[in-house]
>>> print(open('entry.txt').read())   # compact mmCIF, C-alpha atoms
# COMPACT_ATOMS: atom_id res chain seq x y z
CA MET A 1 204.37 -50.10 251.89
CA ILE A 2 202.28 -47.41 253.52
CA ASN A 3 199.04 -49.34 253.24
CA GLU A 4 200.55 -52.31 255.07
CA VAL A 5 201.83 -49.97 257.78
CA LEU A 6 198.40 -48.38 258.13
CA ALA A 7 196.71 -51.79 258.30
CA ARG A 8 199.21 -52.93 260.91
CA ILE A 9 198.54 -49.82 263.04
CA GLN A 10 194.78 -50.30 262.75
CA SER A 11 195.00 -53.93 263.82
CA GLY A 12 197.55 -53.27 266.57
CA LEU A 13 196.03 -50.08 267.91
CA PRO A 14 192.29 -50.21 267.27
CA GLY A 15 190.78 -46.80 267.84
CA ALA A 16 193.88 -44.84 266.97
CA CYS A 17 192.96 -42.01 264.64
CA VAL A 18 195.34 -42.33 261.68
CA GLU A 19 194.47 -41.44 258.13
CA LEU A 20 196.27 -41.79 254.83
CA VAL A 21 197.20 -38.55 253.04
CA ASN A 22 197.61 -39.29 249.37
CA ASN A 23 200.20 -37.53 247.29
CA PRO A 24 198.84 -37.31 243.74
CA SER A 25 202.19 -36.44 242.16
CA PRO A 26 204.22 -39.06 240.23
CA SER A 27 206.52 -39.51 243.22
CA GLY A 28 203.58 -40.87 245.17
CA GLN A 29 205.02 -40.05 248.57
CA HIS A 30 201.96 -40.79 250.65
CA SER A 31 201.97 -40.07 254.33
CA LEU A 32 200.11 -40.82 257.54
CA LEU A 33 198.26 -38.04 259.32
CA VAL A 34 198.06 -38.82 263.02
CA ASN A 35 195.69 -37.27 265.51
CA PRO A 36 197.86 -35.54 268.13
CA LYS A 37 196.15 -37.33 271.04
CA ASP A 38 197.14 -40.74 269.64
CA ALA A 39 200.58 -39.66 268.41
CA LEU A 40 202.66 -41.03 271.27
CA ALA A 41 200.94 -44.41 271.16
CA VAL A 42 201.24 -44.63 267.37
CA ALA A 43 204.90 -43.58 267.47
CA GLY A 44 205.70 -46.15 270.14
CA PHE A 45 203.88 -48.80 268.14
CA LEU A 46 205.78 -47.88 264.95
CA ARG A 47 209.06 -48.19 266.79
CA ASP A 48 208.40 -51.35 268.76
CA ASP A 49 206.15 -53.49 266.59
CA PRO A 50 208.29 -56.41 265.32
CA GLU A 51 206.74 -56.13 261.85
CA LEU A 52 207.54 -52.39 261.56
CA LEU A 53 210.53 -51.48 263.75
CA PHE A 54 210.82 -47.84 262.67
CA ASP A 55 213.79 -47.25 264.94
CA PHE A 56 215.15 -44.01 263.44
CA ALA A 57 213.60 -40.56 262.97
CA SER A 58 215.91 -39.01 260.42
CA ASN A 59 214.19 -35.71 259.84
CA VAL A 60 211.67 -33.48 261.56
CA SER A 61 210.40 -30.40 259.80
CA GLY A 62 207.58 -27.91 260.03
CA VAL A 63 205.04 -26.68 257.53
CA ASP A 64 202.92 -23.56 257.79
CA TRP A 65 199.51 -23.71 256.16
CA PRO A 66 198.06 -20.20 256.20
CA PRO A 67 194.29 -19.83 255.95
CA LYS A 68 193.15 -19.75 252.35
CA LYS A 69 190.10 -19.63 250.14
CA VAL A 70 189.44 -22.59 247.89
CA LYS A 71 187.24 -22.37 244.84
CA GLU A 72 185.20 -25.46 244.14
CA THR A 73 183.03 -26.20 241.17
CA ILE A 74 179.82 -28.01 242.01
CA VAL A 75 177.75 -29.60 239.29
CA ARG A 76 174.10 -30.12 240.03
CA LYS A 77 171.23 -31.22 237.87
CA GLU A 78 168.09 -29.18 237.60
CA THR A 79 165.02 -29.50 235.59
CA VAL A 80 164.29 -26.28 233.72
CA ASP A 81 161.29 -26.17 231.40
CA GLY A 82 161.01 -29.91 231.40
CA ALA A 83 164.57 -30.46 230.16
CA GLU A 84 167.28 -31.62 232.51
CA LYS A 85 170.26 -29.30 232.59
CA GLU A 86 173.64 -29.44 234.31
CA ILE A 87 174.36 -26.24 236.17
CA LYS A 88 177.93 -25.48 237.26
CA GLU A 89 178.39 -23.37 240.35
CA THR A 90 181.61 -22.03 241.80
CA VAL A 91 181.62 -21.94 245.57
CA GLU A 92 184.29 -20.30 247.66
CA ARG A 93 185.18 -22.07 250.82
CA ASP A 94 187.43 -20.89 253.68
CA VAL A 95 190.06 -23.41 254.72
CA PRO A 96 191.42 -22.57 258.16
CA GLY A 97 195.18 -22.49 258.58
CA CYS A 98 197.24 -24.79 260.74
CA LEU A 99 200.80 -25.68 261.54
CA GLU A 100 202.09 -29.11 260.66
CA VAL A 101 205.07 -31.13 261.77
CA VAL A 102 206.46 -33.86 259.54
CA TYR A 103 208.58 -36.80 260.69
CA HIS A 104 210.56 -38.99 258.31
CA LEU A 105 211.04 -42.42 259.81
CA TYR A 106 213.33 -45.22 258.72
CA SER A 107 213.78 -48.75 259.90
CA VAL A 108 217.46 -49.52 260.05
CA ALA A 109 216.70 -53.03 261.29
CA ARG A 110 214.32 -53.88 258.42
CA LYS A 111 215.91 -51.56 255.81
CA THR A 112 212.61 -49.82 255.07
CA GLY A 113 211.65 -46.20 254.82
CA PRO A 114 211.06 -43.38 254.68
CA LEU A 115 207.67 -43.36 256.33
CA THR A 116 206.22 -39.88 256.51
CA LEU A 117 204.26 -39.07 259.62
CA ARG A 118 202.36 -35.81 260.01
CA MET A 119 200.63 -34.04 262.86
CA ARG A 120 198.59 -30.85 262.64
CA THR A 121 197.79 -28.20 265.21
CA ALA A 122 194.25 -26.96 265.69
CA ASP A 123 195.05 -23.48 264.39
CA ARG A 124 197.91 -21.01 263.94
CA GLY A 125 197.11 -18.82 266.96
CA SER A 126 197.02 -20.10 270.51
CA ASN A 127 196.34 -23.82 270.00
CA VAL A 128 199.74 -24.73 268.66
CA ALA A 129 200.67 -27.52 271.06
CA LEU A 130 201.54 -30.99 269.80
CA PRO A 131 202.91 -33.98 271.69
CA SER A 132 206.67 -34.31 271.47
CA LEU A 133 207.95 -37.56 269.98
CA THR A 134 211.38 -37.11 271.55
CA PRO A 135 210.53 -39.69 274.26
CA VAL A 136 210.16 -42.21 271.40
CA TRP A 137 212.99 -41.09 269.11
CA LYS A 138 215.86 -39.26 270.81
CA SER A 139 217.04 -37.87 267.47
CA ALA A 140 213.95 -35.65 267.31
CA ASP A 141 215.21 -33.54 270.23
CA PHE A 142 217.15 -30.79 268.41
CA GLN A 143 214.90 -30.87 265.37
CA GLU A 144 211.76 -30.34 267.42
CA ARG A 145 213.54 -27.42 269.06
CA GLU A 146 214.24 -26.03 265.60
CA VAL A 147 210.59 -26.43 264.60
CA TYR A 148 209.60 -24.72 267.85
CA ASP A 149 212.04 -21.90 267.15
CA LEU A 150 211.13 -21.23 263.53
CA PHE A 151 207.42 -22.19 263.42
CA GLY A 152 206.30 -21.75 267.01
CA ILE A 153 204.85 -25.22 267.51
CA ARG A 154 204.98 -26.05 271.22
CA PHE A 155 206.02 -29.66 271.81
CA GLU A 156 204.51 -30.91 275.04
CA GLY A 157 206.62 -33.49 276.82
CA HIS A 158 209.83 -32.29 275.21
CA PRO A 159 212.71 -32.55 277.73
CA ASP A 160 214.31 -29.20 276.91
CA LEU A 161 212.15 -26.98 274.74
CA ARG A 162 214.18 -23.82 274.11
CA ARG A 163 215.02 -21.88 270.99
CA ILE A 164 217.97 -23.44 269.25
CA LEU A 165 218.93 -21.03 266.44
CA MET A 166 217.60 -17.61 267.40
CA TRP A 167 218.29 -15.96 270.74
CA ASP A 168 216.03 -16.54 273.75
CA GLU A 169 214.62 -12.98 273.74
CA TYR A 170 213.43 -13.35 270.15
CA ALA A 171 209.65 -13.22 269.84
CA ASP A 172 208.99 -14.10 266.17
CA HIS A 173 208.82 -17.37 264.27
CA PRO A 174 210.58 -16.52 261.03
CA MET A 175 209.56 -19.52 258.91
CA ARG A 176 205.88 -18.71 259.20
CA LYS A 177 204.39 -17.39 255.99
CA ASP A 178 203.19 -14.17 257.61
CA TYR A 179 206.58 -13.30 259.12
CA VAL A 180 207.77 -9.81 258.25
CA ALA A 181 211.53 -9.34 258.43
CA PRO A 182 212.90 -6.10 259.89
CA ASP A 183 213.35 -3.55 257.15
CA ASP A 184 217.04 -2.94 257.69
CA PHE A 185 218.91 -3.44 254.48
CA GLU A 186 220.22 -0.96 251.99
CA TYR A 187 219.03 -2.32 248.74
CA GLU A 188 220.61 -4.50 246.12
CA PRO A 189 221.99 -2.83 243.00
CA THR A 190 219.23 -4.03 240.67
CA PRO A 191 216.04 -4.09 242.72
CA HIS A 192 212.82 -5.41 241.28
CA ASP A 193 209.27 -6.30 242.28
CA GLU A 194 208.57 -5.90 245.98
CA ILE A 195 212.09 -4.69 246.76
CA LEU A 196 211.83 -2.00 244.09
CA GLU A 197 208.63 -0.74 245.68
CA ARG A 198 210.43 -0.47 249.00
CA VAL A 199 213.35 1.37 247.38
CA LYS A 200 210.92 3.90 245.90
CA ALA A 201 209.09 4.33 249.18
CA ARG A 202 212.39 4.87 250.91
CA ALA A 203 213.60 7.37 248.31
CA ALA A 204 210.40 9.35 248.94
CA THR A 205 211.30 9.71 252.64
CA PRO A 206 215.03 10.52 252.60
CA GLY A 207 217.09 10.53 255.76
CA GLU A 208 215.55 7.46 257.30
CA ASP A 209 217.85 4.76 256.02
CA ALA A 210 221.22 6.02 257.28
CA MET B 1 259.29 15.42 257.18
CA LEU B 2 262.51 13.89 255.89
CA ASP B 3 263.19 14.44 252.22
CA GLU B 4 262.80 11.07 250.47
CA GLN B 5 265.61 11.76 247.99
CA LEU B 6 268.03 12.71 250.75
CA LYS B 7 266.99 9.63 252.69
CA SER B 8 267.72 7.31 249.80
CA ASP B 9 271.04 9.05 249.02
CA LEU B 10 272.14 8.69 252.60
CA GLN B 11 271.08 5.03 252.59
CA LYS B 12 273.32 4.39 249.57
CA ARG B 13 276.24 5.69 251.63
CA GLY B 14 275.40 3.35 254.48
CA ILE B 15 273.64 5.85 256.70
CA PHE B 16 270.17 4.91 257.81
CA VAL B 17 268.06 7.90 258.74
CA THR B 18 264.43 7.64 259.74
CA SER B 19 261.78 9.38 261.74
CA PHE B 20 260.21 8.04 264.87
CA GLU B 21 256.87 7.80 263.11
CA ASP B 22 258.29 5.69 260.29
CA LEU B 23 260.00 3.37 262.74
CA TYR B 24 256.84 3.10 264.83
CA ASN B 25 254.63 2.37 261.82
CA TRP B 26 257.16 -0.11 260.42
CA GLY B 27 257.08 -1.99 263.69
CA ARG B 28 253.31 -2.01 263.87
CA ARG B 29 252.66 -3.05 260.30
CA SER B 30 255.27 -5.79 260.41
CA SER B 31 253.73 -7.51 263.40
CA LEU B 32 249.98 -7.46 262.86
CA TRP B 33 248.77 -10.19 265.13
CA PRO B 34 245.30 -11.35 264.16
CA LEU B 35 242.67 -12.52 266.59
CA GLN B 36 242.18 -16.23 266.15
CA PHE B 37 238.57 -16.85 265.33
CA GLY B 38 236.57 -17.81 262.29
CA LEU B 39 232.84 -17.64 261.69
CA ALA B 40 232.23 -19.65 258.52
CA CYS B 41 233.83 -20.98 255.34
CA CYS B 42 236.01 -17.87 254.88
CA ALA B 43 237.89 -19.04 257.95
CA ILE B 44 239.06 -22.08 255.97
CA GLU B 45 240.66 -19.75 253.44
CA MET B 46 242.13 -17.72 256.29
CA ILE B 47 243.66 -20.91 257.70
CA ALA B 48 245.04 -21.74 254.25
CA ALA B 49 246.53 -18.25 254.04
CA ALA B 50 248.24 -18.79 257.38
CA ALA B 51 249.50 -22.27 256.55
CA ALA B 52 252.68 -23.23 254.69
CA ARG B 53 251.55 -22.83 251.09
CA PHE B 54 250.56 -19.15 251.30
CA ASP B 55 252.48 -18.40 254.49
CA MET B 56 251.14 -15.22 256.02
CA ALA B 57 254.30 -15.20 258.16
CA ARG B 58 256.02 -13.48 255.23
CA PHE B 59 254.04 -10.38 256.19
CA GLY B 60 254.44 -10.70 259.93
CA ALA B 61 250.82 -11.68 260.57
CA GLU B 62 251.18 -15.35 261.41
CA VAL B 63 250.88 -15.04 265.18
CA PHE B 64 247.18 -15.74 265.66
CA ARG B 65 246.32 -14.84 269.24
CA PRO B 66 243.64 -16.70 271.16
CA SER B 67 243.04 -13.65 273.36
CA PRO B 68 241.71 -10.29 272.13
CA ARG B 69 244.00 -8.59 274.66
CA GLN B 70 247.03 -9.58 272.58
CA ALA B 71 245.62 -9.02 269.10
CA ASP B 72 246.03 -6.07 266.73
CA LEU B 73 243.87 -7.23 263.85
CA MET B 74 240.40 -8.69 263.71
CA ILE B 75 239.72 -10.71 260.56
CA ILE B 76 235.96 -11.13 260.29
CA ALA B 77 236.14 -14.36 258.33
CA GLY B 78 232.62 -15.47 257.54
CA THR B 79 228.92 -14.89 258.06
CA VAL B 80 228.12 -12.78 261.10
CA THR B 81 224.74 -13.96 262.36
CA LYS B 82 222.69 -11.59 264.46
CA LYS B 83 223.15 -13.97 267.36
CA MET B 84 226.95 -13.71 266.96
CA ALA B 85 227.20 -9.97 266.29
CA PRO B 86 227.18 -8.75 269.95
CA LEU B 87 229.99 -11.17 270.75
CA VAL B 88 232.07 -9.90 267.83
CA VAL B 89 231.59 -6.29 268.96
CA ARG B 90 232.52 -7.24 272.52
CA LEU B 91 235.69 -8.98 271.31
CA TYR B 92 236.54 -5.86 269.30
CA ASN B 93 236.08 -3.71 272.40
CA GLN B 94 238.41 -6.00 274.32
CA MET B 95 241.23 -5.53 271.82
CA PRO B 96 243.75 -2.83 272.79
CA GLU B 97 244.40 0.11 270.47
CA PRO B 98 245.83 0.35 267.87
CA LYS B 99 243.46 -2.15 266.31
CA TYR B 100 242.27 -2.85 262.79
CA VAL B 101 239.46 -4.79 261.17
CA ILE B 102 239.44 -6.72 257.90
CA ALA B 103 235.99 -7.75 256.67
CA MET B 104 236.70 -10.90 254.70
CA GLY B 105 234.16 -12.08 252.17
CA ALA B 106 230.72 -11.07 250.97
CA CYS B 107 228.93 -12.03 254.22
CA ALA B 108 231.13 -9.96 256.51
CA ILE B 109 230.87 -7.00 254.14
CA SER B 110 227.14 -6.98 253.47
CA GLY B 111 225.47 -10.22 254.51
CA GLY B 112 226.28 -11.71 251.13
CA PRO B 113 223.85 -14.36 249.88
CA PHE B 114 222.02 -14.20 253.21
CA LYS B 115 221.38 -10.47 253.02
CA GLU B 116 217.62 -10.82 252.73
CA GLY B 117 217.42 -13.40 255.49
CA TYR B 118 216.16 -12.79 258.99
CA ASN B 119 219.15 -14.08 260.92
CA VAL B 120 222.26 -12.61 259.32
CA LEU B 121 223.79 -9.22 260.08
CA LYS B 122 223.96 -7.19 256.89
CA GLY B 123 227.61 -6.26 257.22
CA ILE B 124 229.77 -5.94 260.33
CA ASP B 125 230.40 -2.28 259.42
CA ARG B 126 227.04 -1.59 261.05
CA TYR B 127 228.71 -1.86 264.46
CA ILE B 128 232.50 -1.57 264.14
CA PRO B 129 234.75 0.42 261.79
CA VAL B 130 236.16 -1.70 258.95
CA ASP B 131 239.57 -0.79 257.54
CA VAL B 132 239.78 -3.20 254.62
CA ALA B 133 236.96 -5.09 252.88
CA ILE B 134 237.93 -8.13 250.81
CA PRO B 135 235.24 -9.21 248.35
CA GLY B 136 234.84 -12.85 247.36
CA CYS B 137 232.81 -15.86 248.35
CA PRO B 138 235.11 -16.88 249.85
CA PRO B 139 238.15 -14.78 248.87
CA ARG B 140 241.18 -16.82 247.94
CA PRO B 141 244.19 -16.72 250.29
CA GLU B 142 245.97 -14.41 247.83
CA ALA B 143 243.11 -11.94 248.25
CA LEU B 144 243.51 -12.02 252.02
CA LEU B 145 247.23 -11.37 251.61
CA GLU B 146 246.43 -8.49 249.24
CA GLY B 147 244.05 -7.08 251.85
CA LEU B 148 246.74 -7.43 254.49
CA ILE B 149 249.23 -5.54 252.31
CA LYS B 150 246.61 -2.83 251.75
CA LEU B 151 246.20 -2.55 255.51
CA GLN B 152 249.97 -2.33 255.95
CA LYS B 153 250.09 0.53 253.46
CA LYS B 154 247.31 2.24 255.35
CA ILE B 155 249.20 1.87 258.62
CA ASP B 156 252.34 3.24 256.95
CA LYS B 157 250.49 6.43 256.09
CA GLN B 158 249.09 7.00 259.57
CA THR B 159 250.64 9.73 261.66
CA LEU B 160 250.65 10.38 265.37
CA PHE B 161 249.79 14.05 264.90
CA GLY B 162 248.21 16.16 262.24
CA PRO B 163 245.33 15.62 259.81
CA ASN B 164 245.91 11.90 259.11
CA GLN B 165 246.18 11.12 262.80
CA ALA B 166 245.66 7.47 263.67
CA ARG B 167 242.48 6.78 265.63
CA HIS B 168 244.36 5.33 268.58
CA ALA B 169 246.41 8.51 268.92
CA ASP B 170 243.26 10.56 269.29
CA ARG B 171 242.29 10.11 272.89
CA SER B 172 239.02 11.95 272.48
CA ASP B 173 237.59 8.88 270.70
CA ALA B 174 238.55 6.27 273.29
CA ALA B 175 235.15 4.93 274.29
CA ASP B 176 233.96 1.38 273.64
CA TYR B 177 231.64 0.70 270.76
CA PRO B 178 228.14 -0.03 272.05
CA VAL B 179 227.33 -3.74 272.08
CA PRO B 180 223.88 -4.40 270.55
CA ALA B 181 221.31 -6.17 272.67
CA TYR B 182 219.12 -9.09 271.65
CA GLY B 183 215.70 -7.62 270.94
CA ALA B 184 212.29 -9.14 270.38
CA HIS B 185 212.48 -8.74 266.59
CA ASP B 186 216.01 -7.65 265.75
CA LEU B 187 219.22 -6.48 267.35
CA GLU B 188 218.77 -3.26 269.27
CA PRO B 189 219.89 -0.90 267.89
CA PRO B 190 220.01 -2.41 264.38
CA MET B 191 223.19 -0.41 263.67
CA ASN B 192 225.48 2.16 265.21
CA PRO B 193 224.90 5.48 263.39
CA ALA B 194 228.28 6.77 264.57
CA VAL B 195 229.99 4.00 262.58
CA PHE B 196 227.59 3.04 259.82
CA ARG B 197 227.46 5.71 257.14
CA PRO B 198 226.69 4.04 253.83
CA GLU B 199 227.07 6.17 250.77
CA PRO B 200 223.72 7.15 249.33
CA VAL B 201 222.92 5.17 246.19
CA GLU B 202 222.35 7.24 243.08
CA ARG B 203 219.60 5.76 240.94
CA GLU B 204 218.21 6.58 237.55
CA GLU B 205 214.46 6.72 237.45
>>> encode(input="entry.txt", output="structure tokens")
Amino acid sequence: MINEVLARIQSGLPGACVELVNNPSPSGQHSLLVNPKDALAVAGFLRDDPELLFDFASNVSGVDWPPKKVKETIVRKETVDGAEKEIKETVERDVPGCLEVVYHLYSVARKTGPLTLRMRTADRGSNVALPSLTPVWKSADFQEREVYDLFGIRFEGHPDLRRILMWDEYADHPMRKDYVAPDDFEYEPTPHDEILERVKARAATPGEDA
Amino acid sequence: MLDEQLKSDLQKRGIFVTSFEDLYNWGRRSSLWPLQFGLACCAIEMIAAAAARFDMARFGAEVFRPSPRQADLMIIAGTVTKKMAPLVVRLYNQMPEPKYVIAMGACAISGGPFKEGYNVLKGIDRYIPVDVAIPGCPPRPEALLEGLIKLQKKIDKQTLFGPNQARHADRSDAADYPVPAYGAHDLEPPMNPAVFRPEPVEREE
């Protein structure tokens, strides 16, 4: 289905920057990665095109992609002493982090779906603005607020962008991978791993936990 | 103090003798009016305990009051999120003395399954004094009734004077409990040290 949708977008909106993200797992849940600047046009097209009619955004969620190092093996051919040899080289590459928002779209009219739509921010620091798709699908309103609250993605064009779960004075975004929760619990009866380390550290400095 | 044997002998002859304290405690424990609010799934069990099948009215606690000004008992029935905690403490402050607190279920006691989360208070005893803690997830209505009976026994033992003096009779401790503020990372303060005194955990190395 997704290839037809992509072809339809490319013929209906030439110039829109949409690419297919393949999912190699057996479930094969491929998705469309949309450039944020074209997102509103693509979303409107998906909703209104008579061949597509994705009239319902059922789910909006966030994903945090922290920066990571990827190891790649490169095979190159070299001629050493007249004989051709294959030399394998491992190269480490930095992949910058980003925040992602994922929309699951259904067409109630055509009984199709889900179509997975993704958008990515430029980085995880200050460029975390994405266009809001609430003007296209009203059901995205609260869920975009939740993504804003927990991941810190700013949705531009959202009618009422406030925190929805945490209080207004709260400064953190707890679903980000680098979130550190306040250290305020007396420990479970059988601590292990990271918690055990904290128990030991706390036992070394008595009088602080009461 | 009235001799218990003499009291029961007199009662067998049709003479009812009591002390003011006994009468006062009997009246209080037989009309514990809970504050009507629920925070999560434990509230469903609390409702079941109050309804016909389990019938909390048998213990005089069926009159759920919608106003803290008329309530004697606060049943913390469910998960106390950090966003909700200041409101719970404020409601507690608005209740008149004598007042009691039952922490119902794992979440109200310690945060329960959400203890390691970022948004749930790790036990309401961090801010207000808890008289009875009822474990369970959620506790069955019978457990709530058991907790209520435990609280009634506790009230029975309270005295107006002397070493086991009830808190409400001690005017020196009449101040409100501080309501935590919403901070940038957590509630501020994260607990009230005057109330929250967990027992130190003994561990084998």
>>> interface_residues(input="entry.txt", of="chain A", to="chain B", cutoff="8 Å", atoms="only C-alpha atoms", output="PyMOL selection string")
chain A and resi 166-167+169-172+174+181-182+184-185+210
>>> residues_around(input="entry.txt", residues="Gln143 (chain A)", least_positions_apart="2", cutoff="9 Å", atoms="only C-alpha atoms", output="VMD selection string")
chain A and resid 59 to 61 139 to 141 145 to 148 164
>>> closest_residue(input="entry.txt", among="B:Leu148, B:Glu142, B:Ala52, B:Gly27", to="Leu73 (chain B)", atoms="all atoms listed in the file")
B:Leu148
>>> atom_distance(input="entry.txt", atom1="CA of Arg124 (chain A)", atom2="CA of Lys177 (chain A)")
10.9 Å
>>> axis_aligned_box(input="entry.txt", around="region 138-157 of chain B", padding_each_side="5 Å", output="AutoDock Vina command-line options")
--center_x 243.7 --center_y -5.2 --center_z 253.2 --size_x 27.2 --size_y 33.3 --size_z 20.8
>>> atom_distance(input="entry.txt", atom1="CA of Leu46 (chain A)", atom2="CA of Leu6 (chain A)")
10.1 Å
>>> residues_around(input="entry.txt", residues="Val128 (chain A)", least_positions_apart="3", cutoff="12 Å", atoms="only C-alpha atoms", output="ChimeraX atom specification")
/A:36,64,97-101,119-125,131,147-148,151-156
>>> write_last_selection(input="entry.txt", atoms="C-alpha atoms", output="mmCIF file, in the frame of the given file")
data_model
loop_
_atom_site.group_PDB
_atom_site.id
_atom_site.type_symbol
_atom_site.label_atom_id
_atom_site.label_comp_id
_atom_site.auth_asym_id
_atom_site.auth_seq_id
_atom_site.Cartn_x
_atom_site.Cartn_y
_atom_site.Cartn_z
ATOM 1 C CA PRO A 36 197.860 -35.540 268.130
ATOM 2 C CA ASP A 64 202.920 -23.560 257.790
ATOM 3 C CA GLY A 97 195.180 -22.490 258.580
ATOM 4 C CA CYS A 98 197.240 -24.790 260.740
ATOM 5 C CA LEU A 99 200.800 -25.680 261.540
ATOM 6 C CA GLU A 100 202.090 -29.110 260.660
ATOM 7 C CA VAL A 101 205.070 -31.130 261.770
ATOM 8 C CA MET A 119 200.630 -34.040 262.860
ATOM 9 C CA ARG A 120 198.590 -30.850 262.640
ATOM 10 C CA THR A 121 197.790 -28.200 265.210
ATOM 11 C CA ALA A 122 194.250 -26.960 265.690
ATOM 12 C CA ASP A 123 195.050 -23.480 264.390
ATOM 13 C CA ARG A 124 197.910 -21.010 263.940
ATOM 14 C CA GLY A 125 197.110 -18.820 266.960
ATOM 15 C CA PRO A 131 202.910 -33.980 271.690
ATOM 16 C CA VAL A 147 210.590 -26.430 264.600
ATOM 17 C CA TYR A 148 209.600 -24.720 267.850
ATOM 18 C CA PHE A 151 207.420 -22.190 263.420
ATOM 19 C CA GLY A 152 206.300 -21.750 267.010
ATOM 20 C CA ILE A 153 204.850 -25.220 267.510
ATOM 21 C CA ARG A 154 204.980 -26.050 271.220
ATOM 22 C CA PHE A 155 206.020 -29.660 271.810
ATOM 23 C CA GLU A 156 204.510 -30.910 275.040
#
>>> atom_distance(input="entry.txt", atom1="CA of Asp156 (chain B)", atom2="CA of Ala48 (chain B)")
26.2 Å
>>> closest_residue(input="entry.txt", among="B:Cys107, B:Ala169, B:Leu32, B:Leu151", to="Arg65 (chain B)", atoms="only C-alpha atoms")
B:Leu32
>>> residues_around(input="entry.txt", residues="Met46 (chain B)", least_positions_apart="6", cutoff="9 Å", atoms="all atoms listed in the file", output="list in words")
Gly38, Ile75, Ala77, Met104, Pro139, Arg140, Pro141 and Leu144 of chain B
>>> residues_around(input="entry.txt", residues="Leu133 (chain A)", least_positions_apart="6", cutoff="8 Å", atoms="all atoms listed in the file", output="PyMOL selection string")
chain A and resi 39-40+43+140+158
>>> residues_around(input="entry.txt", residues="Ala106 (chain B)", least_positions_apart="4", cutoff="9 Å", atoms="all atoms listed in the file", output="PyMOL selection string")
chain B and resi 78-79+110-113+123+133-139
